[in-house]
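Have a look at the structure below, then the notes.
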Amino acid sequence: MDLTTRYLGFTLPHPLMLGASPLVDDLGAVRRAEDLGAAAVVMHSLFEEQITHDRQVGEQVARHEESFAEAIYFTPHRGEFELGPDEYLEQLRRIKDAVKIPVIASLNGTTNSGWLEYARLIDQAGADALELNAYRVATDPNESGDSIEKTTADMLSSVKARTQLPVAVKLSPYHTSLAHFARRLESARADGLVLFNRFYQPDIDLDELEVAHRLELSTSADILLRLRWLAILSAQLNLSFAVSGGVHSVEDIVKVVMTGADGVQLVSEILKHGLHRFAELRSGLEHWLESHGYHSLDQARRSMNLANCPDPKVYERTSYMRTLNSWPPPGPQSG
């Protein structure tokens with residue numbers, strides 16, 4: 001069974017990649033991922049806040065030389081991040097020396113400014129590709145959606161000007177017109193899109209009266225929103241697509257491939273059950289395709305997107321109406 005796929009210009013033996021996770025900080029885990037069948041590895045993000053941290057500290061100290069402790073208190077703490085900027089580049093070099101599969105680095109930020117120079121350094125450190133992680137929660141009522149999208153497109157253009165690496169933009173689904181924004185990113189020379197970022201919602205600790213941060217791993221239920229937009233965007237844009245979040249089973253993989261995914265980033269499933277899941281899922285994918293009469297993964301790819309689905313309106317308003325009417329009416333009440 002031919003499971004070959006093309007993602008960001010790379011020919012991969014299959015679409016299953018190790019997504020961004022703490023595992024990339026462990027060189028042994030990255031080696032085992034390759035040995036057990038991962039087709040590529042995505043490093044977790046290097047944040048804009050990390051890159052600007054040292055400069056911010058220097059500016060604070062210069063302005064408040066007599067209140068050094070307070071100046072440090074109001075800046076991001078280096079210890080909040082696993083790897084600082086220099087350590088991130090060094091870990092990238094180590095991973096590149098340790099494995100033969102493509103290594104995709106990641107930058108995460110919100111402003112089109114000097115921190116994006118790290119794209120060039122990441123290129124020099126040996127990355128094969130780059131994810132630009134556009135994670136942003138817009139809270140300013142004076143900031144329009146168009147201005148936010150323009151900033152992201154400008155960030156992409158800045159990165160593309162600094163490096164020859166293929167660049168995928170990792171998006172959230174929360175845009176008024178996601179299809180229009182995706183087209184805008186294609187025009188700004190994006191090579192691919194990753195669907196989607198997961199916004200981790202803060203909770204409230206009622207005992208301590210403070211904001212509580214809890215990391216919840218994904219489930220297969222998270223895949224549904226990704227299926228919708230993979231199906232819509234893959235039919236309209238000439239880009240590579242990867243899915244991030246919600247893929248846990250062979251059936252999940254088949255669904256995202258049929259709707260448009262070229263790459264499948266696995267994180268929660270690997271954290272829950274171990275790196276051996278790469279080999280198990282690859283074998284299961286081969287068996288599913290063979291048992292359903294497919295000769296290759298390419299035969300299934302995008303067969304259920306907006307352009308090829310027998311009923312494309314299910315990805316639009318019709319799906320909403322049908323879903324609302326799908327709940328069975330209550331049965332007769334017993335005496």
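By convention in this document, the chains of the structure tokens carry letters A, B, ... by their order, each chain's residues are numbered from 1, and ligands are numbered from 1 in the order they are shown.
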
Residues within 9 Å of A:Ser240, only C-alpha atoms, excluding chain neighbours under 3 positions, as an NGL selection string: :A and (6-9 or 168 or 191-194 or 234 or 237 or 260-263)

Just-selected residues, C-alpha atoms written as a compact mmCIF listing (two decimals), in the first residue's frame:
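The resulting part_34.txt:
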```
# COMPACT_ATOMS: atom_id res chain seq x y z
CA ARG A 6 3.51 15.58 -0.18
CA TYR A 7 3.67 18.23 2.53
CA LEU A 8 5.39 21.64 2.22
CA GLY A 9 7.34 20.28 -0.73
CA ALA A 168 3.05 26.95 7.08
CA ASP A 191 3.23 27.28 1.57
CA GLY A 192 0.70 25.61 3.83
CA LEU A 193 -1.86 25.94 6.60
CA VAL A 194 -2.14 24.01 9.87
CA SER A 234 -8.51 22.27 0.35
CA LEU A 237 -6.47 26.86 -2.29
CA GLY A 260 -7.89 17.50 2.56
CA ALA A 261 -5.01 16.87 4.99
CA ASP A 262 -1.57 16.15 3.53
CA GLY A 263 0.00 15.87 6.99
```

Spatial neighbours of A:Thr219, max dist 10 Å, only C-alpha atoms, sep filter under 4 positions, as JSON, numbers by chain: {"A": [223, 245, 246, 247, 248, 268, 269]}

Selected residues, N, CA and C atoms, written as a short mmCIF file (atom, residue, chain, number, x, y, z; two decimals), in the first residue's frame, please.
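part_31.cif was written with the following content:
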```
data_model
loop_
_atom_site.label_atom_id
_atom_site.label_comp_id
_atom_site.auth_asym_id
_atom_site.auth_seq_id
_atom_site.Cartn_x
_atom_site.Cartn_y
_atom_site.Cartn_z
N ILE A 223 -12.07 16.84 16.30
CA ILE A 223 -11.74 16.75 14.88
C ILE A 223 -12.80 17.37 13.97
N GLY A 245 -4.66 18.39 16.23
CA GLY A 245 -5.70 18.32 17.24
C GLY A 245 -6.83 17.41 16.87
N GLY A 246 -7.10 16.41 17.71
CA GLY A 246 -8.29 15.58 17.54
C GLY A 246 -8.08 14.26 16.82
N VAL A 247 -6.87 13.98 16.34
CA VAL A 247 -6.64 12.72 15.62
C VAL A 247 -6.12 11.67 16.61
N HIS A 248 -6.93 10.61 16.79
CA HIS A 248 -6.57 9.58 17.76
C HIS A 248 -6.68 8.16 17.21
N SER A 268 -1.64 14.52 21.38
CA SER A 268 -2.36 13.97 22.53
C SER A 268 -2.37 12.44 22.52
N GLU A 269 -2.57 11.83 21.35
CA GLU A 269 -2.59 10.37 21.27
C GLU A 269 -1.24 9.78 21.66
#
```

One-decimal distance in Å that lies between atom CA of A:His180 and atom CA of A:Ile253: 26.5 Å

Who sits within 12 Å of stretch 162-165 of chain A, only C-alpha atoms, same chain under 6 positions skipped, as a PyMOL selection string: chain A and resi 8-10+102-106+114-132+155-156+189-192

Could those residues be written to a file, using N, CA and C atoms, as an mmCIF file, in the first residue's frame?
```
data_model
loop_
_atom_site.group_PDB
_atom_site.id
_atom_site.type_symbol
_atom_site.label_atom_id
_atom_site.label_comp_id
_atom_site.auth_asym_id
_atom_site.auth_seq_id
_atom_site.Cartn_x
_atom_site.Cartn_y
_atom_site.Cartn_z
ATOM 1 N N LEU A 8 4.446 20.516 2.259
ATOM 2 C CA LEU A 8 5.392 21.635 2.221
ATOM 3 C C LEU A 8 6.566 21.351 1.283
ATOM 4 N N GLY A 9 6.303 20.584 0.237
ATOM 5 C CA GLY A 9 7.344 20.281 -0.729
ATOM 6 C C GLY A 9 8.122 19.019 -0.435
ATOM 7 N N PHE A 10 7.898 18.408 0.737
ATOM 8 C CA PHE A 10 8.582 17.175 1.091
ATOM 9 C C PHE A 10 7.755 15.968 0.648
ATOM 10 N N PRO A 102 12.349 15.160 8.163
ATOM 11 C CA PRO A 102 12.255 16.625 8.204
ATOM 12 C C PRO A 102 11.938 17.143 9.605
ATOM 13 N N VAL A 103 12.580 18.251 9.957
ATOM 14 C CA VAL A 103 12.375 18.913 11.245
ATOM 15 C C VAL A 103 11.783 20.290 10.974
ATOM 16 N N ILE A 104 10.596 20.519 11.518
ATOM 17 C CA ILE A 104 9.873 21.771 11.305
ATOM 18 C C ILE A 104 9.915 22.587 12.583
ATOM 19 N N ALA A 105 10.532 23.755 12.535
ATOM 20 C CA ALA A 105 10.583 24.648 13.690
ATOM 21 C C ALA A 105 9.313 25.495 13.738
ATOM 22 N N SER A 106 9.139 26.242 14.845
ATOM 23 C CA SER A 106 7.908 27.023 15.011
ATOM 24 C C SER A 106 8.202 28.338 15.711
ATOM 25 N N GLY A 114 10.981 43.086 15.035
ATOM 26 C CA GLY A 114 12.325 42.536 14.936
ATOM 27 C C GLY A 114 12.489 41.104 15.396
ATOM 28 N N TRP A 115 11.592 40.604 16.241
ATOM 29 C CA TRP A 115 11.746 39.228 16.729
ATOM 30 C C TRP A 115 11.695 38.220 15.583
ATOM 31 N N LEU A 116 11.080 38.601 14.461
ATOM 32 C CA LEU A 116 10.964 37.688 13.324
ATOM 33 C C LEU A 116 12.312 37.428 12.645
ATOM 34 N N GLU A 117 13.342 38.173 13.045
ATOM 35 C CA GLU A 117 14.682 37.894 12.537
ATOM 36 C C GLU A 117 15.107 36.468 12.899
ATOM 37 N N TYR A 118 14.481 35.896 13.923
ATOM 38 C CA TYR A 118 14.830 34.526 14.316
ATOM 39 C C TYR A 118 14.485 33.509 13.231
ATOM 40 N N ALA A 119 13.628 33.884 12.284
ATOM 41 C CA ALA A 119 13.374 32.977 11.160
ATOM 42 C C ALA A 119 14.666 32.698 10.408
ATOM 43 N N ARG A 120 15.482 33.709 10.222
ATOM 44 C CA ARG A 120 16.763 33.529 9.535
ATOM 45 C C ARG A 120 17.697 32.636 10.345
ATOM 46 N N LEU A 121 17.730 32.840 11.671
ATOM 47 C CA LEU A 121 18.587 32.024 12.528
ATOM 48 C C LEU A 121 18.126 30.573 12.551
ATOM 49 N N ILE A 122 16.815 30.368 12.525
ATOM 50 C CA ILE A 122 16.266 29.010 12.476
ATOM 51 C C ILE A 122 16.654 28.328 11.171
ATOM 52 N N ASP A 123 16.616 29.080 10.085
ATOM 53 C CA ASP A 123 17.058 28.563 8.793
ATOM 54 C C ASP A 123 18.534 28.151 8.875
ATOM 55 N N GLN A 124 19.362 29.023 9.425
ATOM 56 C CA GLN A 124 20.790 28.747 9.534
ATOM 57 C C GLN A 124 21.080 27.560 10.448
ATOM 58 N N ALA A 125 20.208 27.331 11.435
ATOM 59 C CA ALA A 125 20.403 26.212 12.364
ATOM 60 C C ALA A 125 20.032 24.870 11.737
ATOM 61 N N GLY A 126 19.412 24.896 10.552
ATOM 62 C CA GLY A 126 19.185 23.649 9.837
ATOM 63 C C GLY A 126 17.765 23.183 9.704
ATOM 64 N N ALA A 127 16.783 23.980 10.123
ATOM 65 C CA ALA A 127 15.383 23.554 10.000
ATOM 66 C C ALA A 127 15.033 23.295 8.544
ATOM 67 N N ASP A 128 14.133 22.346 8.328
ATOM 68 C CA ASP A 128 13.671 22.041 6.978
ATOM 69 C C ASP A 128 12.461 22.875 6.582
ATOM 70 N N ALA A 129 11.714 23.349 7.560
ATOM 71 C CA ALA A 129 10.531 24.178 7.313
ATOM 72 C C ALA A 129 10.210 24.920 8.605
ATOM 73 N N LEU A 130 9.236 25.815 8.510
ATOM 74 C CA LEU A 130 8.881 26.650 9.655
ATOM 75 C C LEU A 130 7.370 26.786 9.754
ATOM 76 N N GLU A 131 6.846 26.644 10.972
ATOM 77 C CA GLU A 131 5.457 27.005 11.246
ATOM 78 C C GLU A 131 5.430 28.382 11.877
ATOM 79 N N LEU A 132 4.574 29.241 11.352
ATOM 80 C CA LEU A 132 4.318 30.539 11.961
ATOM 81 C C LEU A 132 3.007 30.422 12.710
ATOM 82 N N MET A 155 3.381 39.585 8.981
ATOM 83 C CA MET A 155 4.360 38.724 9.655
ATOM 84 C C MET A 155 4.851 37.638 8.703
ATOM 85 N N LEU A 156 3.915 37.024 7.992
ATOM 86 C CA LEU A 156 4.282 35.987 7.030
ATOM 87 C C LEU A 156 5.216 36.545 5.966
ATOM 88 N N ARG A 189 2.215 34.327 0.111
ATOM 89 C CA ARG A 189 3.198 33.283 -0.165
ATOM 90 C C ARG A 189 3.316 32.224 0.918
ATOM 91 N N ALA A 190 2.234 31.984 1.649
ATOM 92 C CA ALA A 190 2.229 30.822 2.538
ATOM 93 C C ALA A 190 2.372 29.563 1.693
ATOM 94 N N ASP A 191 3.098 28.579 2.243
ATOM 95 C CA ASP A 191 3.232 27.282 1.570
ATOM 96 C C ASP A 191 2.207 26.273 2.081
ATOM 97 N N GLY A 192 1.674 26.530 3.268
ATOM 98 C CA GLY A 192 0.700 25.610 3.827
ATOM 99 C C GLY A 192 -0.041 26.228 4.989
#
```

Kindly provide the residues of stretch 218-271 of chain A that approach stretch 280-300 of chain A to within 9 Å, each paired with its closest atom pair and their distance in Å to one decimal, based on only C-alpha atoms, listed by chain and increasing number, as CSV.
```
residue,atom,partner,partner_atom,distance
A:His248,CA,A:Leu281,CA,8.9
A:Ser249,CA,A:Leu281,CA,7.0
A:Val250,CA,A:Leu285,CA,5.6
A:Glu251,CA,A:Leu285,CA,8.1
A:Ile253,CA,A:Leu285,CA,7.6
A:Val254,CA,A:Leu285,CA,7.4
A:Val257,CA,A:Ala300,CA,7.0
A:Met258,CA,A:Ala300,CA,5.5
```

Atom CA of A:Glu87 to atom CA of A:Asp25, distance in Å rounded to a single decimal: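 Pair atom CA of A:Glu87 / atom CA of A:Asp25 returns 10.2 Å.
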
Who sits within 9 Å of A:Gln201, only C-alpha atoms, same chain under 3 positions skipped, as a list in words: His213, Arg214 and Leu215 of chain A

Those residues you just picked out, can you put them in a file as an mmCIF file, in the first residue's frame with C-alpha atoms?
```cif
data_model
loop_
_atom_site.group_PDB
_atom_site.id
_atom_site.type_symbol
_atom_site.label_atom_id
_atom_site.label_comp_id
_atom_site.auth_asym_id
_atom_site.auth_seq_id
_atom_site.Cartn_x
_atom_site.Cartn_y
_atom_site.Cartn_z
ATOM 1 C CA HIS A 213 -4.486 27.066 33.928
ATOM 2 C CA ARG A 214 -5.221 23.437 33.106
ATOM 3 C CA LEU A 215 -3.954 21.618 30.050
#
```

Helix (DSSP H, G or I) residues, from DSSP on the backbone, in stretch 238-285 of chain A, as a PyMOL selection string: chain A and resi 250-259+268-273+277-285

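Each of A:Ala161, A:Ala33, A:Leu275, A:Met43 was compared to A:Arg93 using only C-alpha atoms, and A:Met43 turns out to be the nearest.
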
Nearest residue to A:His44 from the set A:Asp26, A:Glu216, A:Asp222, A:Glu143 (distances using only C-alpha atoms):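 For A:His44, the nearest of the candidates is A:Asp26.
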
Pairwise distance for atom CA of A:Arg31 and atom CA of A:Ala98, rounded to one decimal in Å: 6.8 Å

Shortest interatomic distance to A:His175 - which of A:Arg136, A:Lys160, A:His273, A:His53, counting only C-alpha atoms: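 Closest to A:His175, using only C-alpha atoms: A:Arg136.
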
Among listed residues A:Thr151, A:Asp146, A:Tyr88, A:Asn133, nearest A:Thr111 (using only C-alpha atoms): A:Thr151

Using only C-alpha atoms: which of A:Tyr135, A:Tyr174, A:Phe196, A:Tyr315 has the shortest distance to A:Ala235: A:Tyr315

Residues of stretch 46-247 of chain A in strand (DSSP E or B), written as a PyMOL selection string: chain A and resi 46-47+103-108+129-133+167-171+192-195+203-205+210-212+240-244

Close residues, stretch 45-47 of chain A itself excluded, 6 Å, only C-alpha atoms, min 6 positions apart in chain, as a PyMOL selection string: chain A and resi 106-109

Spatial neighbours of stretch 15-20 of chain A, max dist 7 Å, only C-alpha atoms, sep filter under 6 positions, as a PyMOL selection string: chain A and resi 5+38-44+262-267

Selection to disk with C-alpha atoms, as a compact mmCIF listing (two decimals), in the first residue's frame:
```txt
# COMPACT_ATOMS: atom_id res chain seq x y z
CA THR A 5 2.13 12.16 0.72
CA ALA A 38 7.15 9.30 12.52
CA ALA A 39 7.50 10.87 9.07
CA ALA A 40 8.51 14.31 10.40
CA VAL A 41 8.78 16.20 13.68
CA VAL A 42 7.44 19.62 14.60
CA MET A 43 9.23 21.51 17.38
CA HIS A 44 7.16 23.42 19.92
CA ASP A 262 -1.57 16.15 3.53
CA GLY A 263 0.00 15.87 6.99
CA VAL A 264 -1.35 14.65 10.32
CA GLN A 265 0.27 15.98 13.50
CA LEU A 266 -0.13 13.64 16.46
CA VAL A 267 0.35 14.90 20.02
```
